[in-house]
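Right, one structure below, let's go through it.
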Amino acid sequence: MNKKLSIFLFYNFLFLSAALAHFQKDGTSTDNILEDVILYSDGQLIDLKFSNGKISEILPKKTQKGPNNFQIYVAPGLIDQQVNGYLSHSFVSNDLNKEKLNKITQRLWENGITTFFPTLTSESSQVLLQSFSNLDHILGDTQLAQSIPGFHLEGPYISSLDGFRGVHNPKHIRNPDWKELKTWIKASGNKIKIITLAPELDGSMELIKKCVAHNIKVALGHTTANAEQINEAVKLGASLSTHLGNGCANMIHRHYNPIWPQLSNDGLTISVIADGFHLTRDEIRTFFKVKGPTNIMLVSDITRWGGMPSGKYRDFDKEIVVTTSGAIMMPSENVLAGASFLITKGIEKMIEYTGCSLAEAIEMATTNPARAIGLNDRGTITRGKRADLICFTYEKGKFEIIKTIVGGKVVFDKMIKP
Ligand SMILES: [Zn+2]
C-alpha cells in the first residue's frame with residue numbers, strides 16, 4: 001500500500017470512528033449523538049443530538065471543517081414514494097411475507113432510504129385486494145411500519161393507450177370506481193396515501209374529489225389529458241405528477257400533449273426518475289428550470305428486478321431484460337419496464353445534469369416529498385422531527401451512505417456491517 005493511501009485510510013478510520021463512537025453494535029444508541037458531521041444544507045460542522053427517536057439539538061462547532069478535512073455529511077433520511085418491488089419481490093403479490101419485506105427494507109436502509117411507499121400497479125380487483133390486505137397484515141406493529149407510512153396505488157384508473165400505459169397490463173386498466181377503491185382502502189388498513197390516475201377517464205374528477213376528502217394525495221400519470229382536464233383536476237385537489245415525461249407515448253403532438261400543462265401548472269409537484277435512462281439530460285434540466293428546486297421529487301420507480309443481476313426474466317407474462325448497464329426493458333413492447341436504480345443515483349444525476357447544489361438534490365429526495373405527501377414528522381433536520389438521518393460522503397460525484405438511522409435507531413452502519 002502506498003504511504004499516501006495508508007495515511008488517508010488511517011485518518012478516514014479515525015474520523016469515521018469519532019462519528020460512530022456513541023453507538024453500540026445492536027444499533028441502540030448510548031448517548032444519542034452524531035459528532036463532527038457536516039450539515040448538508042449549509043456546510044456547518046455540527047454535533048447532532050437526538051432523544052426518544054427525535055432530533056433534540058443541533059450544535060454548531062467553531063471550526064468549519066472536520067478533522068483532516070474528511071467530510072461526513074448528515075442529512076434527513078431519503079424518501080421514495082414509488083417502489084414497486086426489489087430483489088425479485090413485487091408488492092403486487094400474495095407470497096410477500098415479513099421476511100421478504102424485511103430484506104427489501106434492510107437493503108433500502110443500506111442505501112439511505114428511510115421511508116418508502118410500496119407501489120401497487122394495475123391488477124384485478126381481487127389481486128389488489130389480497131396484496132393490500134397482505135401488506136397491512138405484514139406491517140402490523142413492526143419496526144418496518146416506521147419506514148412504510150403508506151402505499152401508492154398506480155393505476156388501474158389510467159390510460160389504456162399503448163405508450164401512455166407503459167407496461168401496465170391493458171386487461172386490468174379501467175375507469176375509476178370509488179366502490180372498488182374503497183374496498184382496497186379498507187383492505188390496506190387506510191394506508192393508501194397516494195393514487196396515480198388519468199384525469200381524462202370517465203369518473204376521474206369525481207374520484208379525485210373523494211380521494212382528496214379521504215386524505216389521499218392524487219397524482220396525475222399515464223395520462224393523455226389535455227390542458228383543460230389537467231387544470232380541472234388540480235382545481236379539485238390533484239397535487240402531484242407521477243414520473244413526468246414517462247408513461248407517455250413516444251409520438252405526441254408538439255403543442256397539445258399532457259406534458260406542457262403539467263409543467264405550466266404551479267399546483268403540481270412533479271416526480272422524476274433521474275436514472276440516466278428514463279429522461280434525457282435536457283428534459284431534466286428543463287423540468288428543473290420550470291419547477292425549481294422545491295417542486296421536484298426524486299423517485300426510483302424501482303421494480304422487482306432492481307438489485308438483480310443482468311439477464312432475462314419473466315414479468316407481466318412477457319420477457320423482461322435487465323441489461324448490463326442497469327436498464328430494465330420489455331423488448332416485445334420496446335418500453336422501459338421500470339427502473340433498477342435507487343434515488344441515490346437520482347441525487348447524483350440531478351447534480352450532474354442541472355448543476356444544482358448537493359443540498360437541493362438531497363431536498364428533492366427528502367424535504368420535497370415529505371411536504372408533498374404530508375409527512376410532517378420527517379424530511380428536515382429540525383428539532384422535534386423524527387431522527388431519520390443519513391451520514392454520507394459525496395466525493396467526485398459519488399454519493400455513499402455511511403450510516404442510516406430510523407427513529408433514532410441505527411439500522412445500517414458501514415463500519416460494523418458484518
Ligand atoms: Zn408508471
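Residues in the C-alpha cells are named by chain (A, B, ... in the order shown) and by number from 1 within that chain; ligands are numbered from 1 in the order shown.
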
Open item on the list: Hey, which residues sit close to ligand 1? Say within 8 Å, counting only C-alpha atoms and all ligand atoms, and write them as a PyMOL selection string.
Closed with: chain A and resi 121+154+165-168+221-222+242-243+246-247+301+338

Dump as a tab-separated table (two decimals), in the first residue's frame, selection limited to C-alpha atoms:
chain	number	residue	atom	x	y	z
A	121	THR	CA	-49.78	-1.25	-10.17
A	154	GLU	CA	-50.54	3.47	-9.52
A	165	ARG	CA	-49.99	2.88	-20.27
A	166	GLY	CA	-46.29	1.89	-20.14
A	167	VAL	CA	-46.14	-1.76	-19.09
A	168	HIS	CA	-49.46	-1.76	-17.22
A	221	GLY	CA	-49.81	9.99	-14.58
A	222	HIS	CA	-50.04	7.57	-17.50
A	242	THR	CA	-46.11	10.91	-11.41
A	243	HIS	CA	-42.78	10.37	-13.23
A	246	ASN	CA	-42.60	8.84	-18.69
A	247	GLY	CA	-45.84	6.91	-19.03
A	301	ASP	CA	-39.83	3.55	-9.77
A	338	GLY	CA	-39.46	0.36	-14.54

TODO: Extract, using only C-alpha atoms, all DNA, RNA and protein residues at most 7 Å from Phe132 (chain A), discarding same-chain residues fewer than 5 positions from it, and format them as a list in words.
DONE: Trp184, Ala187 and Ser188 of chain A

Take the residues from that selection and put them in a file with N, CA and C atoms, as a PDB file, in the first residue's frame.
ATOM      1  N   TRP A 184     -60.238  -1.506  -1.454  1.00  0.00           N
ATOM      2  CA  TRP A 184     -58.777  -1.585  -1.306  1.00  0.00           C
ATOM      3  C   TRP A 184     -58.307  -0.720  -0.142  1.00  0.00           C
ATOM      4  N   ALA A 187     -58.946  -2.708   2.874  1.00  0.00           N
ATOM      5  CA  ALA A 187     -58.007  -3.843   2.973  1.00  0.00           C
ATOM      6  C   ALA A 187     -56.610  -3.378   3.374  1.00  0.00           C
ATOM      7  N   SER A 188     -56.256  -2.156   2.969  1.00  0.00           N
ATOM      8  CA  SER A 188     -54.904  -1.649   3.256  1.00  0.00           C
ATOM      9  C   SER A 188     -54.797  -1.092   4.675  1.00  0.00           C
TER      10      SER A 188
END

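Of the listed residues A:Val74, A:Ala145, A:Ile320, A:Leu59, the one whose atoms come nearest to Gly407 (chain A) is A:Ala145, with distances taken using only C-alpha atoms.
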
- [ ] Mind the document's chain letters and residue numbers, and return as a VMD selection string the residues of region 127-280 of chain A that DSSP labels helix (DSSP H, G or I).
- [x] chain A and resid 127 to 139 144 to 147 170 to 172 178 to 187 204 to 213 227 to 235 259 to 264

Can I get the selection written as an mmCIF file, in the first residue's frame, with C-alpha atoms?
data_model
loop_
_atom_site.group_PDB
_atom_site.id
_atom_site.type_symbol
_atom_site.label_atom_id
_atom_site.label_comp_id
_atom_site.auth_asym_id
_atom_site.auth_seq_id
_atom_site.Cartn_x
_atom_site.Cartn_y
_atom_site.Cartn_z
ATOM 1 C CA VAL A 127 -55.353 -9.451 -6.591
ATOM 2 C CA LEU A 128 -55.082 -5.837 -5.401
ATOM 3 C CA LEU A 129 -57.407 -6.564 -2.513
ATOM 4 C CA GLN A 130 -55.274 -9.501 -1.399
ATOM 5 C CA SER A 131 -51.999 -7.647 -1.913
ATOM 6 C CA PHE A 132 -53.103 -4.642 0.178
ATOM 7 C CA SER A 133 -54.506 -6.863 2.874
ATOM 8 C CA ASN A 134 -51.302 -8.919 2.914
ATOM 9 C CA LEU A 135 -49.118 -5.797 3.212
ATOM 10 C CA ASP A 136 -51.255 -4.375 6.005
ATOM 11 C CA HIS A 137 -51.038 -7.671 7.842
ATOM 12 C CA ILE A 138 -47.234 -7.913 7.462
ATOM 13 C CA LEU A 139 -46.691 -4.370 8.690
ATOM 14 C CA LEU A 144 -40.925 -1.763 9.284
ATOM 15 C CA ALA A 145 -44.033 0.367 9.686
ATOM 16 C CA GLN A 146 -41.814 3.305 10.664
ATOM 17 C CA SER A 147 -40.295 3.224 7.199
ATOM 18 C CA PRO A 170 -54.327 -3.321 -20.639
ATOM 19 C CA LYS A 171 -56.582 -6.122 -19.441
ATOM 20 C CA HIS A 172 -56.568 -4.585 -15.947
ATOM 21 C CA TRP A 178 -64.992 4.549 -5.969
ATOM 22 C CA LYS A 179 -66.725 1.486 -4.562
ATOM 23 C CA GLU A 180 -63.872 -0.704 -5.746
ATOM 24 C CA LEU A 181 -61.222 1.713 -4.466
ATOM 25 C CA LYS A 182 -62.943 1.786 -1.065
ATOM 26 C CA THR A 183 -62.514 -1.994 -0.739
ATOM 27 C CA TRP A 184 -58.777 -1.585 -1.306
ATOM 28 C CA ILE A 185 -58.559 1.343 1.114
ATOM 29 C CA LYS A 186 -60.219 -0.822 3.747
ATOM 30 C CA ALA A 187 -58.007 -3.843 2.973
ATOM 31 C CA SER A 204 -61.919 10.609 -12.650
ATOM 32 C CA MET A 205 -62.963 14.081 -11.485
ATOM 33 C CA GLU A 206 -65.470 12.621 -9.014
ATOM 34 C CA LEU A 207 -62.862 10.165 -7.767
ATOM 35 C CA ILE A 208 -60.316 12.956 -7.279
ATOM 36 C CA LYS A 209 -62.761 14.805 -5.023
ATOM 37 C CA LYS A 210 -63.424 11.679 -2.966
ATOM 38 C CA CYS A 211 -59.709 10.832 -2.634
ATOM 39 C CA VAL A 212 -58.860 14.359 -1.509
ATOM 40 C CA ALA A 213 -61.681 14.197 1.061
ATOM 41 C CA ALA A 227 -54.737 21.211 -20.529
ATOM 42 C CA GLU A 228 -58.347 21.783 -19.514
ATOM 43 C CA GLN A 229 -58.612 18.362 -17.876
ATOM 44 C CA ILE A 230 -55.300 18.752 -16.079
ATOM 45 C CA ASN A 231 -56.200 22.201 -14.769
ATOM 46 C CA GLU A 232 -59.622 20.969 -13.658
ATOM 47 C CA ALA A 233 -58.008 18.029 -11.809
ATOM 48 C CA VAL A 234 -55.675 20.431 -9.988
ATOM 49 C CA LYS A 235 -58.617 22.679 -9.041
ATOM 50 C CA ILE A 259 -46.527 17.335 -20.523
ATOM 51 C CA TRP A 260 -46.751 21.113 -21.141
ATOM 52 C CA PRO A 261 -49.833 21.713 -18.960
ATOM 53 C CA GLN A 262 -48.372 19.684 -16.100
ATOM 54 C CA LEU A 263 -45.195 21.738 -16.335
ATOM 55 C CA SER A 264 -47.045 25.023 -16.523
#

- [ ] Excluding region 380-390 of chain A and residues on its chain fewer than 3 positions from it, collect all residues at most 9 Å away from it, counting only C-alpha atoms, and give them as a count of residues only.
- [x] 35

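Compared by their closest atoms to Lys62 (chain A), and using only C-alpha atoms, the residues A:His89, A:Ser125, A:Asp47, A:Arg371 rank with A:Asp47 nearest.
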
TODO: Select from region 31-274 of chain A everything DSSP, run on the backbone, classes as strand (DSSP E), then give the selection as a PyMOL selection string.
DONE: chain A and resi 33-39+45-51+54-60+73-76+78-83+85-86+89-90+113-121+151-154+192-197+217-220+240-241+269-272

- [ ] Find the residues around Met329 (chain A) up to 10 Å (only C-alpha atoms counted), leave out those fewer than 2 positions away in its own chain, and share them as a list of chain:residue names.
- [x] A:Val167, A:Lys312, A:Glu319, A:Ile320, A:Val321, A:Val322, A:Thr323, A:Gly326, A:Ala327, A:Pro331, A:Ser332, A:Glu333, A:Asn334, A:Val335, A:Leu336, A:Ala337, A:Gly338, A:Ala339

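For the pair CA of Ala219 (chain A) and CA of Ile194 (chain A), the separation is 7.0 Å.
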